[in-house]
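Below is input_19.txt, which holds compact mmCIF, N, CA and C atoms.
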# COMPACT_ATOMS: atom_id res chain seq x y z
N MET S 24 -29.56 20.58 -17.03
CA MET S 24 -28.36 19.81 -17.28
C MET S 24 -28.58 19.02 -18.56
N GLY S 25 -27.52 18.83 -19.31
CA GLY S 25 -27.61 18.12 -20.57
C GLY S 25 -27.82 16.64 -20.38
N GLN S 26 -28.27 16.01 -21.44
CA GLN S 26 -28.50 14.57 -21.42
C GLN S 26 -27.61 13.91 -22.47
N ALA S 27 -27.36 12.64 -22.30
CA ALA S 27 -26.60 11.89 -23.29
C ALA S 27 -27.44 11.75 -24.56
N THR S 28 -26.78 11.86 -25.69
CA THR S 28 -27.48 11.74 -26.97
C THR S 28 -27.72 10.27 -27.27
N ASN S 29 -28.92 9.98 -27.69
CA ASN S 29 -29.36 8.63 -27.98
C ASN S 29 -28.42 7.94 -28.98
N THR S 30 -28.22 6.63 -28.81
CA THR S 30 -27.37 5.87 -29.71
C THR S 30 -27.92 5.85 -31.12
N ALA S 31 -29.25 5.80 -31.26
CA ALA S 31 -29.86 5.79 -32.59
C ALA S 31 -29.57 7.10 -33.33
N ILE S 32 -29.58 8.21 -32.61
CA ILE S 32 -29.26 9.50 -33.23
C ILE S 32 -27.80 9.54 -33.63
N ARG S 33 -26.94 8.96 -32.81
CA ARG S 33 -25.52 8.92 -33.14
C ARG S 33 -25.28 8.10 -34.41
N GLN S 34 -25.97 6.96 -34.53
CA GLN S 34 -25.84 6.14 -35.73
C GLN S 34 -26.40 6.86 -36.95
N SER S 35 -27.53 7.55 -36.78
CA SER S 35 -28.12 8.31 -37.88
C SER S 35 -27.17 9.39 -38.35
N LEU S 36 -26.48 10.02 -37.42
CA LEU S 36 -25.51 11.05 -37.77
C LEU S 36 -24.43 10.47 -38.69
N LEU S 37 -23.91 9.31 -38.31
CA LEU S 37 -22.86 8.69 -39.13
C LEU S 37 -23.38 8.31 -40.51
N GLU S 38 -24.57 7.74 -40.55
CA GLU S 38 -25.14 7.31 -41.84
C GLU S 38 -25.43 8.50 -42.75
N LEU S 39 -26.05 9.55 -42.21
CA LEU S 39 -26.39 10.72 -43.02
C LEU S 39 -25.13 11.47 -43.45
N LYS S 40 -24.14 11.52 -42.58
CA LYS S 40 -22.89 12.20 -42.94
C LYS S 40 -22.15 11.41 -44.02
N ALA S 41 -22.22 10.08 -43.95
CA ALA S 41 -21.58 9.24 -44.97
C ALA S 41 -22.26 9.41 -46.32
N SER S 42 -23.57 9.73 -46.33
CA SER S 42 -24.28 9.92 -47.60
C SER S 42 -24.10 11.34 -48.15
N GLY S 43 -23.29 12.17 -47.46
CA GLY S 43 -22.96 13.48 -47.98
C GLY S 43 -23.80 14.63 -47.46
N LYS S 44 -24.63 14.40 -46.47
CA LYS S 44 -25.46 15.47 -45.90
C LYS S 44 -24.64 16.38 -45.01
N THR S 45 -25.05 17.62 -44.92
CA THR S 45 -24.35 18.57 -44.05
C THR S 45 -24.86 18.44 -42.62
N LEU S 46 -24.07 18.95 -41.68
CA LEU S 46 -24.48 18.91 -40.28
C LEU S 46 -25.72 19.76 -40.04
N LYS S 47 -25.84 20.86 -40.77
CA LYS S 47 -27.03 21.71 -40.64
C LYS S 47 -28.28 20.95 -41.07
N TYR S 48 -28.20 20.24 -42.19
CA TYR S 48 -29.35 19.45 -42.66
C TYR S 48 -29.68 18.35 -41.65
N ILE S 49 -28.65 17.66 -41.16
CA ILE S 49 -28.87 16.57 -40.20
C ILE S 49 -29.51 17.10 -38.93
N SER S 50 -29.06 18.28 -38.49
CA SER S 50 -29.61 18.90 -37.29
C SER S 50 -31.11 19.16 -37.46
N GLU S 51 -31.48 19.72 -38.58
CA GLU S 51 -32.90 20.01 -38.83
C GLU S 51 -33.70 18.73 -39.01
N HIS S 52 -33.12 17.75 -39.68
CA HIS S 52 -33.81 16.47 -39.96
C HIS S 52 -34.06 15.67 -38.68
N LEU S 53 -33.05 15.61 -37.80
CA LEU S 53 -33.18 14.81 -36.57
C LEU S 53 -33.75 15.59 -35.40
N GLY S 54 -33.77 16.93 -35.50
CA GLY S 54 -34.27 17.74 -34.40
C GLY S 54 -33.31 17.80 -33.22
N VAL S 55 -32.03 17.76 -33.54
CA VAL S 55 -30.98 17.80 -32.52
C VAL S 55 -30.20 19.10 -32.72
N PRO S 56 -29.81 19.77 -31.65
CA PRO S 56 -29.05 21.01 -31.81
C PRO S 56 -27.79 20.81 -32.65
N TYR S 57 -27.50 21.81 -33.46
CA TYR S 57 -26.35 21.76 -34.36
C TYR S 57 -25.05 21.57 -33.57
N ALA S 58 -24.91 22.28 -32.46
CA ALA S 58 -23.67 22.19 -31.66
C ALA S 58 -23.44 20.77 -31.15
N THR S 59 -24.51 20.08 -30.79
CA THR S 59 -24.38 18.71 -30.31
C THR S 59 -23.84 17.81 -31.41
N LEU S 60 -24.42 17.94 -32.60
CA LEU S 60 -23.97 17.11 -33.72
C LEU S 60 -22.54 17.46 -34.12
N ARG S 61 -22.21 18.74 -34.10
CA ARG S 61 -20.85 19.16 -34.44
C ARG S 61 -19.85 18.55 -33.47
N ASN S 62 -20.17 18.58 -32.17
CA ASN S 62 -19.27 18.00 -31.17
C ASN S 62 -19.13 16.49 -31.36
N LEU S 63 -20.24 15.82 -31.64
CA LEU S 63 -20.19 14.38 -31.87
C LEU S 63 -19.36 14.06 -33.11
N TRP S 64 -19.52 14.85 -34.16
CA TRP S 64 -18.80 14.60 -35.40
C TRP S 64 -17.30 14.82 -35.20
N HIS S 65 -16.93 15.86 -34.48
CA HIS S 65 -15.51 16.09 -34.20
C HIS S 65 -14.94 14.96 -33.35
N LYS S 66 -15.73 14.48 -32.41
CA LYS S 66 -15.28 13.35 -31.57
C LYS S 66 -15.05 12.12 -32.43
N HIS S 67 -15.95 11.89 -33.38
CA HIS S 67 -15.82 10.73 -34.26
C HIS S 67 -14.60 10.87 -35.17
N GLN S 68 -14.31 12.08 -35.62
CA GLN S 68 -13.15 12.28 -36.48
C GLN S 68 -11.84 12.05 -35.74
N LYS S 69 -11.82 12.37 -34.44
CA LYS S 69 -10.61 12.16 -33.65
C LYS S 69 -10.38 10.68 -33.37
N THR S 70 -11.44 9.98 -32.97
CA THR S 70 -11.34 8.55 -32.64
C THR S 70 -12.45 7.79 -33.35
N PRO S 71 -12.27 7.44 -34.62
CA PRO S 71 -13.34 6.75 -35.35
C PRO S 71 -13.65 5.36 -34.81
N GLN S 72 -12.69 4.72 -34.14
CA GLN S 72 -12.94 3.37 -33.63
C GLN S 72 -13.95 3.36 -32.48
N SER S 73 -14.18 4.53 -31.84
CA SER S 73 -15.12 4.58 -30.72
C SER S 73 -16.56 4.42 -31.18
N ASN S 74 -16.82 4.70 -32.46
CA ASN S 74 -18.16 4.58 -33.04
C ASN S 74 -19.18 5.41 -32.26
N LEU S 75 -18.71 6.50 -31.66
CA LEU S 75 -19.57 7.44 -30.93
C LEU S 75 -20.36 6.78 -29.80
N ARG S 76 -19.75 5.85 -29.11
CA ARG S 76 -20.45 5.20 -28.00
C ARG S 76 -20.67 6.22 -26.88
N THR S 77 -21.72 5.99 -26.13
CA THR S 77 -22.01 6.89 -25.01
C THR S 77 -21.09 6.55 -23.85
N ALA S 78 -20.68 7.58 -23.12
CA ALA S 78 -19.79 7.40 -21.97
C ALA S 78 -20.58 7.69 -20.70
N TYR S 79 -21.48 6.79 -20.36
CA TYR S 79 -22.33 7.00 -19.19
C TYR S 79 -21.52 7.01 -17.89
N GLU S 80 -20.34 6.42 -17.91
CA GLU S 80 -19.52 6.41 -16.69
C GLU S 80 -19.08 7.81 -16.30
N ASN S 81 -19.14 8.77 -17.23
CA ASN S 81 -18.76 10.14 -16.93
C ASN S 81 -19.93 10.97 -16.40
N CYS S 82 -21.13 10.41 -16.37
CA CYS S 82 -22.31 11.15 -15.95
C CYS S 82 -22.47 11.12 -14.43
N GLY S 83 -23.04 12.18 -13.90
CA GLY S 83 -23.38 12.24 -12.48
C GLY S 83 -22.20 12.58 -11.60
N LYS S 84 -22.50 12.69 -10.32
CA LYS S 84 -21.46 13.02 -9.35
C LYS S 84 -20.67 11.77 -9.01
N LYS S 85 -19.41 11.98 -8.75
CA LYS S 85 -18.55 10.89 -8.33
C LYS S 85 -18.67 10.74 -6.81
N PRO S 86 -18.88 9.51 -6.32
CA PRO S 86 -18.95 9.33 -4.87
C PRO S 86 -17.57 9.56 -4.26
N PRO S 87 -17.53 9.95 -2.99
CA PRO S 87 -16.22 10.16 -2.37
C PRO S 87 -15.46 8.84 -2.27
N SER S 88 -14.18 8.93 -2.46
CA SER S 88 -13.32 7.76 -2.40
C SER S 88 -13.15 7.32 -0.95
N ARG S 89 -13.03 6.03 -0.74
CA ARG S 89 -12.81 5.53 0.61
C ARG S 89 -11.45 5.98 1.14
N SER S 90 -10.54 6.32 0.25
CA SER S 90 -9.22 6.76 0.69
C SER S 90 -9.17 8.27 0.94
N ASP S 91 -10.27 8.95 0.69
CA ASP S 91 -10.32 10.40 0.90
C ASP S 91 -10.23 10.68 2.40
N VAL S 92 -9.20 11.41 2.79
CA VAL S 92 -8.92 11.65 4.21
C VAL S 92 -10.05 12.43 4.87
N ILE S 93 -10.56 13.44 4.20
CA ILE S 93 -11.62 14.27 4.78
C ILE S 93 -12.89 13.44 4.97
N TYR S 94 -13.23 12.64 3.98
CA TYR S 94 -14.42 11.79 4.05
C TYR S 94 -14.31 10.80 5.22
N ARG S 95 -13.18 10.12 5.27
CA ARG S 95 -12.99 9.15 6.35
C ARG S 95 -12.97 9.83 7.72
N GLY S 96 -12.35 11.01 7.79
CA GLY S 96 -12.30 11.73 9.06
C GLY S 96 -13.67 12.18 9.53
N ALA S 97 -14.50 12.64 8.59
CA ALA S 97 -15.85 13.08 8.95
C ALA S 97 -16.67 11.90 9.47
N LEU S 98 -16.61 10.77 8.77
CA LEU S 98 -17.38 9.60 9.23
C LEU S 98 -16.84 9.07 10.56
N TRP S 99 -15.54 9.11 10.73
CA TRP S 99 -14.95 8.63 11.98
C TRP S 99 -15.41 9.50 13.15
N LEU S 100 -15.37 10.83 12.97
CA LEU S 100 -15.82 11.73 14.03
C LEU S 100 -17.30 11.53 14.34
N LYS S 101 -18.10 11.28 13.32
CA LYS S 101 -19.55 11.08 13.55
C LYS S 101 -19.79 9.77 14.32
N ARG S 102 -19.01 8.73 14.00
CA ARG S 102 -19.16 7.47 14.74
C ARG S 102 -18.71 7.63 16.18
N LEU S 103 -17.63 8.41 16.36
CA LEU S 103 -17.09 8.62 17.70
C LEU S 103 -18.00 9.50 18.54
N HIS S 104 -18.63 10.48 17.91
CA HIS S 104 -19.51 11.43 18.59
C HIS S 104 -20.84 11.53 17.82
N PRO S 105 -21.76 10.60 18.03
CA PRO S 105 -23.00 10.59 17.25
C PRO S 105 -23.89 11.81 17.46
N ASN S 106 -23.72 12.51 18.57
CA ASN S 106 -24.56 13.68 18.83
C ASN S 106 -24.01 14.97 18.22
N TRP S 107 -22.80 14.92 17.69
CA TRP S 107 -22.23 16.10 17.05
C TRP S 107 -22.90 16.32 15.71
N GLY S 108 -23.14 17.56 15.38
CA GLY S 108 -23.71 17.91 14.09
C GLY S 108 -22.63 18.16 13.05
N SER S 109 -23.07 18.34 11.83
CA SER S 109 -22.15 18.57 10.73
C SER S 109 -21.32 19.85 10.90
N PRO S 110 -21.91 20.96 11.39
CA PRO S 110 -21.08 22.16 11.56
C PRO S 110 -19.93 21.97 12.55
N LEU S 111 -20.19 21.25 13.63
CA LEU S 111 -19.13 21.03 14.62
C LEU S 111 -18.04 20.12 14.05
N ILE S 112 -18.45 19.08 13.35
CA ILE S 112 -17.48 18.18 12.72
C ILE S 112 -16.69 18.94 11.66
N HIS S 113 -17.37 19.80 10.92
CA HIS S 113 -16.70 20.63 9.91
C HIS S 113 -15.64 21.51 10.57
N MET S 114 -15.98 22.09 11.70
CA MET S 114 -15.04 22.96 12.41
C MET S 114 -13.79 22.18 12.84
N HIS S 115 -13.99 20.96 13.35
CA HIS S 115 -12.85 20.14 13.76
C HIS S 115 -11.99 19.76 12.56
N LEU S 116 -12.62 19.45 11.44
CA LEU S 116 -11.85 19.10 10.24
C LEU S 116 -11.07 20.30 9.71
N VAL S 117 -11.66 21.49 9.78
CA VAL S 117 -10.96 22.70 9.34
C VAL S 117 -9.75 22.96 10.24
N ASN S 118 -9.93 22.78 11.54
CA ASN S 118 -8.81 22.97 12.47
C ASN S 118 -7.68 21.98 12.19
N ARG S 119 -8.04 20.79 11.78
CA ARG S 119 -7.04 19.74 11.54
C ARG S 119 -6.37 19.86 10.17
N TYR S 120 -7.18 20.08 9.11
CA TYR S 120 -6.66 20.00 7.75
C TYR S 120 -6.58 21.34 7.02
N GLY S 121 -7.14 22.38 7.57
CA GLY S 121 -7.12 23.67 6.90
C GLY S 121 -8.38 23.90 6.08
N CYS S 122 -8.70 25.16 5.91
CA CYS S 122 -9.96 25.53 5.28
C CYS S 122 -10.04 25.13 3.81
N SER S 123 -8.92 25.18 3.10
CA SER S 123 -8.95 24.90 1.67
C SER S 123 -9.17 23.42 1.37
N GLN S 124 -8.84 22.54 2.30
CA GLN S 124 -8.96 21.10 2.08
C GLN S 124 -10.36 20.55 2.38
N VAL S 125 -11.09 21.21 3.26
CA VAL S 125 -12.34 20.66 3.78
C VAL S 125 -13.52 21.10 2.91
N VAL S 126 -14.42 20.17 2.66
CA VAL S 126 -15.62 20.45 1.87
C VAL S 126 -16.62 21.25 2.70
N HIS S 127 -17.69 21.68 2.06
CA HIS S 127 -18.72 22.48 2.72
C HIS S 127 -19.52 21.62 3.71
N VAL S 128 -20.16 22.28 4.66
CA VAL S 128 -20.95 21.60 5.69
C VAL S 128 -22.05 20.75 5.05
N ARG S 129 -22.68 21.30 4.02
CA ARG S 129 -23.79 20.58 3.38
C ARG S 129 -23.31 19.27 2.74
N THR S 130 -22.10 19.27 2.23
CA THR S 130 -21.54 18.04 1.66
C THR S 130 -21.35 16.99 2.75
N ILE S 131 -20.88 17.42 3.90
CA ILE S 131 -20.72 16.49 5.02
C ILE S 131 -22.07 15.93 5.45
N GLN S 132 -23.11 16.77 5.44
CA GLN S 132 -24.45 16.28 5.76
C GLN S 132 -24.90 15.22 4.76
N ARG S 133 -24.59 15.42 3.49
CA ARG S 133 -24.96 14.41 2.47
C ARG S 133 -24.20 13.10 2.69
N TRP S 134 -22.93 13.22 3.08
CA TRP S 134 -22.15 12.02 3.36
C TRP S 134 -22.79 11.24 4.50
N PHE S 135 -23.20 11.93 5.56
CA PHE S 135 -23.83 11.26 6.69
C PHE S 135 -25.15 10.62 6.27
N LEU S 136 -25.88 11.28 5.43
CA LEU S 136 -27.15 10.75 4.96
C LEU S 136 -26.94 9.48 4.13
N SER S 137 -25.95 9.51 3.24
CA SER S 137 -25.71 8.33 2.40
C SER S 137 -25.11 7.17 3.19
N ALA S 138 -24.43 7.48 4.30
CA ALA S 138 -23.87 6.44 5.16
C ALA S 138 -24.86 6.01 6.25
N HIS S 139 -26.08 6.53 6.22
CA HIS S 139 -27.14 6.23 7.21
C HIS S 139 -26.69 6.55 8.62
N MET S 140 -26.04 7.69 8.77
CA MET S 140 -25.54 8.09 10.08
C MET S 140 -26.27 9.30 10.64
N SER S 141 -27.21 9.84 9.91
CA SER S 141 -27.91 11.02 10.41
C SER S 141 -29.28 10.61 10.97
N LYS S 142 -29.65 11.27 12.05
CA LYS S 142 -30.93 10.97 12.68
C LYS S 142 -32.01 11.77 11.98
N PRO S 143 -33.19 11.18 11.75
CA PRO S 143 -34.29 11.97 11.18
C PRO S 143 -34.79 12.99 12.18
N ARG S 144 -35.29 14.09 11.67
CA ARG S 144 -35.83 15.13 12.56
C ARG S 144 -37.04 14.60 13.31
N SER S 145 -37.16 15.04 14.55
CA SER S 145 -38.31 14.59 15.36
C SER S 145 -39.48 15.53 15.18
Final structure tokens representation of the file:
Amino acid sequence: MGQATNTAIRQSLLELKASGKTLKYISEHLGVPYATLRNLWHKHQKTPQSNLRTAYENCGKKPPSRSDVIYRGALWLKRLHPNWGSPLIHMHLVNRYGCSQVVHVRTIQRWFLSAHMSKPRS
């Protein structure tokens, strides 16, 4: 998976580009892939006021929303029936909301783990 480009590299890109260097030269000089610099440069040309700041809020998985019906339903069923496993809860959710709406069983297991609702294996 890709990583966010360092702020110092972003600043160097702007400085070297302002001095008339090409993206190919900057890529070789900084040791950053050409495509990365090209994308950053195009982003800067579209919105120069952003100063190429990093958008860390876009990184990683988004946690499920508390208003998500499937998420709330899965946790509610687990609280109501603590001995039920994720496959059984998944089956009940599919019966209620339809197959296209319900996430995979493994996702439900992760939800239970993050909510501290799953029992450790004996």
What is the CA of Ile32 in chain S-atom N of Lys69 in chain S distance in Å, reported with one decimal?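 Between these atoms lies a distance of 17.7 Å.
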Pairwise distance for atom C of Glu38 in chain S and atom N of Ala78 in chain S, rounded to one decimal in Å: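 If I compute the distance from atom C of Glu38 in chain S to atom N of Ala78 in chain S, I get 20.2 Å.
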Tell me, in Å to one decimal, how far atom N of Leu103 in chain S is from atom N of Ser137 in chain S.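 Between atom N of Leu103 in chain S and atom N of Ser137 in chain S the gap is 15.6 Å.
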If we count only C-alpha atoms and set the cut-off at 9 Å, which residues sit around range 105-115 of chain S, ignoring sequence neighbours fewer than 4 positions away in its own chain? Please answer as an MDAnalysis selection string. chainID S and resid 97 100:101 119:120 125:129 131:132 135 140:141
Which residue of S:Ser123, S:Ser145, S:Asn29, S:Thr130 approaches Arg76 in chain S most closely, using only C-alpha atoms: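 Of all the options, S:Asn29 lies closest to Arg76 in chain S.
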Would you compute the box with edges along x, y and z of the file around range 55-62 of chain S, including every atom the file lists for it and 5 Å extra on each side, and give its centre and edge lengths in Å to one decimal, as JSON?
{"center_x": -25.6, "center_y": 19.4, "center_z": -32.4, "size_x": 22.9, "size_y": 15.8, "size_z": 14.1}
Going by DSSP on the backbone, which bits of chain S are alpha helix (DSSP H)? Write them as a ChimeraX atom specification, please. /S:30-41,46-53,57-69,92-103,109-120,128-137
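Using all atoms listed in the file, the smallest distance between any of S:Leu75, S:Leu116, S:Val55, S:Ala138 and Thr30 in chain S comes from S:Leu75.
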Quick one: everything within 12 Å of Pro86 in chain S, counting only C-alpha atoms, minus sequence neighbours fewer than 2 positions away in the same chain. Send it as a ChimeraX atom specification. /S:82-84,88-91,94,130,133-134,137-138
